[in-house]
>>> print(open('coords-v1.cif').read())   # mmCIF, C-alpha atoms and all ligand atoms; chains and numbers go by the auth columns
data_structure
#
loop_
_atom_site.group_PDB
_atom_site.id
_atom_site.type_symbol
_atom_site.label_atom_id
_atom_site.label_comp_id
_atom_site.label_asym_id
_atom_site.label_seq_id
_atom_site.Cartn_x
_atom_site.Cartn_y
_atom_site.Cartn_z
_atom_site.B_iso_or_equiv
_atom_site.auth_seq_id
_atom_site.auth_asym_id
ATOM 1 C CA MET A 1 -49.149 -21.230 -8.421 0.00 202 A
ATOM 2 C CA PRO A 2 -47.981 -20.021 -4.977 0.00 203 A
ATOM 3 C CA PHE A 3 -44.921 -17.810 -4.824 0.00 204 A
ATOM 4 C CA ASN A 4 -41.645 -19.652 -4.627 0.00 205 A
ATOM 5 C CA THR A 5 -38.636 -17.989 -2.965 0.00 206 A
ATOM 6 C CA ALA A 6 -36.337 -19.744 -5.439 0.00 207 A
ATOM 7 C CA TRP A 7 -37.721 -17.370 -8.113 0.00 208 A
ATOM 8 C CA ILE A 8 -35.881 -14.421 -6.599 0.00 209 A
ATOM 9 C CA LYS A 9 -32.550 -16.186 -6.066 0.00 210 A
ATOM 10 C CA GLY A 10 -29.812 -14.093 -7.631 0.00 211 A
ATOM 11 C CA TYR A 11 -31.865 -10.884 -7.399 0.00 212 A
ATOM 12 C CA ARG A 12 -30.722 -8.637 -4.543 0.00 213 A
ATOM 13 C CA GLU A 13 -33.340 -6.005 -5.320 0.00 214 A
ATOM 14 C CA PHE A 14 -36.354 -8.151 -4.457 0.00 215 A
ATOM 15 C CA THR A 15 -37.569 -8.674 -0.926 0.00 216 A
ATOM 16 C CA LEU A 16 -40.477 -10.643 0.394 0.00 217 A
ATOM 17 C CA ASP A 17 -42.945 -8.800 2.567 0.00 218 A
ATOM 18 C CA GLY A 18 -45.199 -11.547 3.863 0.00 219 A
ATOM 19 C CA ASP A 19 -46.493 -13.133 0.674 0.00 220 A
ATOM 20 C CA LYS A 20 -45.890 -9.995 -1.418 0.00 221 A
ATOM 21 C CA LEU A 21 -42.851 -9.513 -3.604 0.00 222 A
ATOM 22 C CA PHE A 22 -41.373 -6.029 -3.332 0.00 223 A
ATOM 23 C CA CYS A 23 -38.865 -4.499 -5.746 0.00 224 A
ATOM 24 C CA THR A 24 -36.711 -2.138 -3.674 0.00 225 A
ATOM 25 C CA VAL A 25 -35.243 -0.241 -6.627 0.00 226 A
ATOM 26 C CA CYS A 26 -38.637 0.436 -8.222 0.00 227 A
ATOM 27 C CA SER A 27 -40.400 0.803 -4.843 0.00 228 A
ATOM 28 C CA LYS A 28 -43.301 -1.290 -5.977 0.00 229 A
ATOM 29 C CA ILE A 29 -45.012 -4.558 -5.298 0.00 230 A
ATOM 30 C CA ILE A 30 -44.690 -7.116 -8.068 0.00 231 A
ATOM 31 C CA HIS A 31 -47.728 -9.329 -8.462 0.00 232 A
ATOM 32 C CA ALA A 32 -45.846 -12.428 -9.491 0.00 233 A
ATOM 33 C CA ASP A 33 -47.616 -15.748 -9.591 0.00 234 A
ATOM 34 C CA LYS A 34 -45.129 -17.184 -12.060 0.00 235 A
ATOM 35 C CA LYS A 35 -41.339 -17.032 -12.218 0.00 236 A
ATOM 36 C CA PHE A 36 -41.311 -15.454 -15.666 0.00 237 A
ATOM 37 C CA ILE A 37 -43.134 -12.395 -14.266 0.00 238 A
ATOM 38 C CA VAL A 38 -40.221 -11.849 -11.863 0.00 239 A
ATOM 39 C CA ASP A 39 -37.726 -12.295 -14.695 0.00 240 A
ATOM 40 C CA GLN A 40 -39.771 -10.054 -16.977 0.00 241 A
ATOM 41 C CA HIS A 41 -39.825 -7.284 -14.361 0.00 242 A
ATOM 42 C CA ALA A 42 -36.067 -7.608 -13.850 0.00 243 A
ATOM 43 C CA LYS A 43 -35.566 -7.123 -17.601 0.00 244 A
ATOM 44 C CA CYS A 44 -37.926 -4.190 -18.132 0.00 245 A
ATOM 45 C CA SER A 45 -36.283 -0.882 -19.035 0.00 246 A
ATOM 46 C CA LYS A 46 -37.679 1.032 -16.041 0.00 247 A
ATOM 47 C CA HIS A 47 -36.267 -1.538 -13.620 0.00 248 A
ATOM 48 C CA ILE A 48 -32.873 -1.513 -15.352 0.00 249 A
ATOM 49 C CA LEU A 49 -32.805 2.290 -15.215 0.00 250 A
ATOM 50 C CA ASN A 50 -33.690 2.213 -11.513 0.00 251 A
ATOM 51 C CA MET A 51 -30.931 -0.362 -10.937 0.00 252 A
ATOM 52 C CA GLN A 52 -28.392 1.949 -12.605 0.00 253 A
ATOM 53 C CA LYS A 53 -29.565 4.870 -10.463 0.00 254 A
ATOM 54 C CA SER A 54 -29.348 2.625 -7.420 0.00 255 A
ATOM 55 C CA GLU A 55 -25.778 1.669 -8.178 0.00 256 A
ATOM 56 C CA GLY A 56 -25.021 5.371 -8.643 0.00 257 A
ATOM 57 C CA GLY A 57 -25.938 5.933 -5.033 0.00 258 A
ATOM 58 C CA THR A 58 -29.282 7.652 -5.493 0.00 259 A
ATOM 59 C CA SER A 59 -31.385 4.672 -4.564 0.00 260 A
ATOM 60 C CA GLN A 60 -34.328 4.488 -2.259 0.00 261 A
ATOM 61 C CA GLN A 61 -33.269 5.327 1.272 0.00 262 A
ATOM 62 C CA THR A 62 -33.472 2.757 3.982 0.00 263 A
ATOM 63 C CA LEU A 63 -35.209 3.559 7.230 0.00 264 A
ATOM 64 C CA LYS A 64 -31.823 3.617 8.973 0.00 265 A
ATOM 65 C CA THR A 65 -30.434 6.280 6.615 0.00 266 A
ATOM 66 C CA CYS A 66 -33.627 8.290 6.955 0.00 267 A
ATOM 67 C CA LEU A 67 -33.359 8.192 10.746 0.00 268 A
ATOM 68 C CA LYS A 68 -29.674 9.090 10.593 0.00 269 A
ATOM 69 C CA GLN A 69 -30.430 12.070 8.346 0.00 270 A
ATOM 70 C CA SER A 70 -33.331 13.073 10.550 0.00 271 A
ATOM 71 C CA ALA A 71 -31.089 13.016 13.635 0.00 272 A
ATOM 72 C CA LYS A 72 -28.471 15.059 11.770 0.00 273 A
ATOM 73 C CA HIS A 73 -31.181 17.518 10.726 0.00 274 A
ATOM 74 C CA THR A 74 -32.379 17.800 14.336 0.00 275 A
ATOM 75 C CA VAL A 75 -28.836 18.570 15.505 0.00 276 A
ATOM 76 C CA GLN A 76 -28.464 21.182 12.747 0.00 277 A
ATOM 77 C CA GLN A 77 -31.814 22.724 13.670 0.00 278 A
ATOM 78 C CA LYS A 78 -30.861 22.960 17.359 0.00 279 A
ATOM 79 C CA GLN A 79 -27.526 24.531 16.478 0.00 280 A
ATOM 80 C CA PHE A 80 -29.243 26.972 14.114 0.00 281 A
ATOM 81 C CA ASN A 81 -31.792 27.931 16.768 0.00 282 A
ATOM 82 C CA ALA A 82 -29.083 28.484 19.390 0.00 283 A
ATOM 83 C CA GLU A 83 -26.877 30.558 17.098 0.00 284 A
ATOM 84 C CA LEU A 84 -29.805 32.581 15.766 0.00 285 A
ATOM 85 C CA CYS A 85 -30.867 33.317 19.337 0.00 286 A
ATOM 86 C CA LYS A 86 -27.352 34.357 20.323 0.00 287 A
ATOM 87 C CA ALA A 87 -26.972 36.552 17.247 0.00 288 A
ATOM 88 C CA MET A 88 -30.273 38.303 17.930 0.00 289 A
ATOM 89 C CA ILE A 89 -29.697 38.797 21.650 0.00 290 A
ATOM 90 C CA THR A 90 -26.134 40.078 21.266 0.00 291 A
ATOM 91 C CA SER A 91 -27.322 42.468 18.538 0.00 292 A
ATOM 92 C CA ASN A 92 -30.149 43.802 20.709 0.00 293 A
ATOM 93 C CA ILE A 93 -32.789 42.511 18.312 0.00 294 A
ATOM 94 C CA PRO A 94 -35.964 41.491 20.167 0.00 295 A
ATOM 95 C CA LEU A 95 -36.768 37.796 19.626 0.00 296 A
ATOM 96 C CA ALA A 96 -40.356 38.809 18.818 0.00 297 A
ATOM 97 C CA LYS A 97 -39.030 40.160 15.499 0.00 298 A
ATOM 98 C CA LEU A 98 -38.811 36.522 14.393 0.00 299 A
ATOM 99 C CA ASN A 99 -42.570 36.566 14.064 0.00 300 A
ATOM 100 C CA SER A 100 -42.376 39.243 11.380 0.00 301 A
ATOM 101 C CA PRO A 101 -43.659 37.617 8.174 0.00 302 A
ATOM 102 C CA ASN A 102 -41.133 39.439 5.972 0.00 303 A
ATOM 103 C CA LEU A 103 -38.154 38.419 8.124 0.00 304 A
ATOM 104 C CA ARG A 104 -39.392 34.814 8.261 0.00 305 A
ATOM 105 C CA GLN A 105 -39.852 34.748 4.517 0.00 306 A
ATOM 106 C CA PHE A 106 -36.364 36.191 3.945 0.00 307 A
ATOM 107 C CA LEU A 107 -34.629 33.775 6.330 0.00 308 A
ATOM 108 C CA GLY A 108 -36.618 30.824 5.003 0.00 309 A
ATOM 109 C CA LYS A 109 -35.665 31.661 1.430 0.00 310 A
ATOM 110 C CA PHE A 110 -31.905 31.851 1.993 0.00 311 A
ATOM 111 C CA CYS A 111 -31.204 29.670 5.038 0.00 312 A
ATOM 112 C CA ASN A 112 -32.825 26.474 3.723 0.00 313 A
ATOM 113 C CA ILE A 113 -33.779 25.491 7.267 0.00 314 A
ATOM 114 C CA ASN A 114 -36.939 25.680 9.342 0.00 315 A
ATOM 115 C CA ILE A 115 -37.152 29.147 10.915 0.00 316 A
ATOM 116 C CA PRO A 116 -38.096 28.650 14.558 0.00 317 A
ATOM 117 C CA ASP A 117 -40.869 30.491 16.276 0.00 318 A
ATOM 118 C CA GLU A 118 -39.915 33.159 18.809 0.00 319 A
ATOM 119 C CA SER A 119 -41.325 31.058 21.661 0.00 320 A
ATOM 120 C CA THR A 120 -39.287 28.008 20.571 0.00 321 A
ATOM 121 C CA ILE A 121 -36.074 30.008 20.728 0.00 322 A
ATOM 122 C CA ARG A 122 -37.061 31.624 24.026 0.00 323 A
ATOM 123 C CA LYS A 123 -37.709 28.228 25.638 0.00 324 A
ATOM 124 C CA GLY A 124 -34.746 26.409 24.119 0.00 325 A
ATOM 125 C CA SER A 125 -31.813 28.804 23.888 0.00 326 A
ATOM 126 C CA VAL A 126 -32.166 31.925 26.034 0.00 327 A
ATOM 127 C CA ASP A 127 -31.429 30.081 29.279 0.00 328 A
ATOM 128 C CA SER A 128 -28.115 28.626 28.065 0.00 329 A
ATOM 129 C CA ILE A 129 -27.020 32.001 26.653 0.00 330 A
ATOM 130 C CA PHE A 130 -27.891 33.647 29.974 0.00 331 A
ATOM 131 C CA LYS A 131 -25.803 31.083 31.885 0.00 332 A
ATOM 132 C CA GLU A 132 -22.909 31.458 29.448 0.00 333 A
ATOM 133 C CA THR A 133 -22.988 35.252 29.824 0.00 334 A
ATOM 134 C CA LEU A 134 -23.136 34.967 33.611 0.00 335 A
ATOM 135 C CA THR A 135 -20.116 32.635 33.589 0.00 336 A
ATOM 136 C CA ASN A 136 -18.209 35.085 31.381 0.00 337 A
ATOM 137 C CA ILE A 137 -18.993 37.987 33.726 0.00 338 A
ATOM 138 C CA ASN A 138 -17.881 35.977 36.775 0.00 339 A
ATOM 139 C CA THR A 139 -14.677 34.942 35.011 0.00 340 A
ATOM 140 C CA ASP A 140 -13.974 38.577 34.081 0.00 341 A
ATOM 141 C CA ARG A 141 -14.543 39.690 37.681 0.00 342 A
ATOM 142 C CA LYS A 142 -12.167 37.040 39.016 0.00 343 A
ATOM 143 C CA VAL A 143 -9.463 38.046 36.512 0.00 344 A
ATOM 144 C CA LYS A 144 -9.842 41.750 37.389 0.00 345 A
ATOM 145 C CA SER A 145 -9.785 41.148 41.153 0.00 346 A
ATOM 146 C CA CYS A 146 -6.485 39.248 40.965 0.00 347 A
HETATM 147 ZN ZN ZN B . -38.027 -3.210 -10.257 0.00 401 B
#
>>> encode(input="coords-v1.cif", output="structure tokens")
Amino acid sequence: MPFNTAWIKGYREFTLDGDKLFCTVCSKIIHADKKFIVDQHAKCSKHILNMQKSEGGTSQQTLKTCLKQSAKHTVQQKQFNAELCKAMITSNIPLAKLNSPNLRQFLGKFCNINIPDESTIRKGSVDSIFKETLTNINTDRKVKSC
């Protein structure tokens, strides 16, 4: 019997992907050729447990949430790179020290973020820190000359 969309009426957790029935809470395709298979899956303990988890907010992430988190992570990574660069430069620590395996291991263990390569920091952050420093020096000179 071909799949009938009426079989999944009342179930929010099922979506149709072409002619395949997908359970979003269990993240699996249900091979349903009869309505009772859909009902049986909805009543199985694993599905019920997944539904409870889903209602608790720990459900499968949608693509939109993944992208949002990814964008947030990218912003965090850029901020981390910039602040790490500034901290190293203002402390007279050569950026090449970032390539030290022990330092990378230490930072990776406690920072819970991707430790950038020295060249990444050099390309991405040094220029803006240089400009910021130059602006500060010019501002200081103007204040002193007044
Ligand atoms: Zn399910």
>>> resolve_selection(input="coords-v1.cif", expression="the PyMOL selection byres (((chain A and resi 216-226) around 8) and not hetatm)", output="list in words")
Phe204, Arg213, Glu214, Phe215, Cys227, Ser228, Lys229, Ile230, Ile231, His232, Ala233, His248, Asn251, Met252, Ser255, Ser260 and Gln261 of chain A
>>> atom_distance(input="coords-v1.cif", atom1="atom CA of Asn315 of chain A", atom2="atom CA of Thr275 of chain A")
10.4 Å
>>> resolve_selection(input="coords-v1.cif", expression="the PyMOL selection byres (((chain A and resi 279) around 12) and not hetatm)", output="PyMOL selection string")
chain A and resi 272-278+280-286+314-317+321-322+324-326
>>> closest_residue(input="coords-v1.cif", among="A:Ile238, A:Ile249, A:Ile294, A:Ala207", to="ligand ZN 401 (chain B)", atoms="only C-alpha atoms and all ligand atoms")
A:Ile249
>>> atom_distance(input="coords-v1.cif", atom1="atom CA of Leu308 of chain A", atom2="atom CA of Leu296 of chain A")
14.1 Å
>>> atom_distance(input="coords-v1.cif", atom1="atom CA of Ala288 of chain A", atom2="atom CA of Asp341 of chain A")
21.4 Å
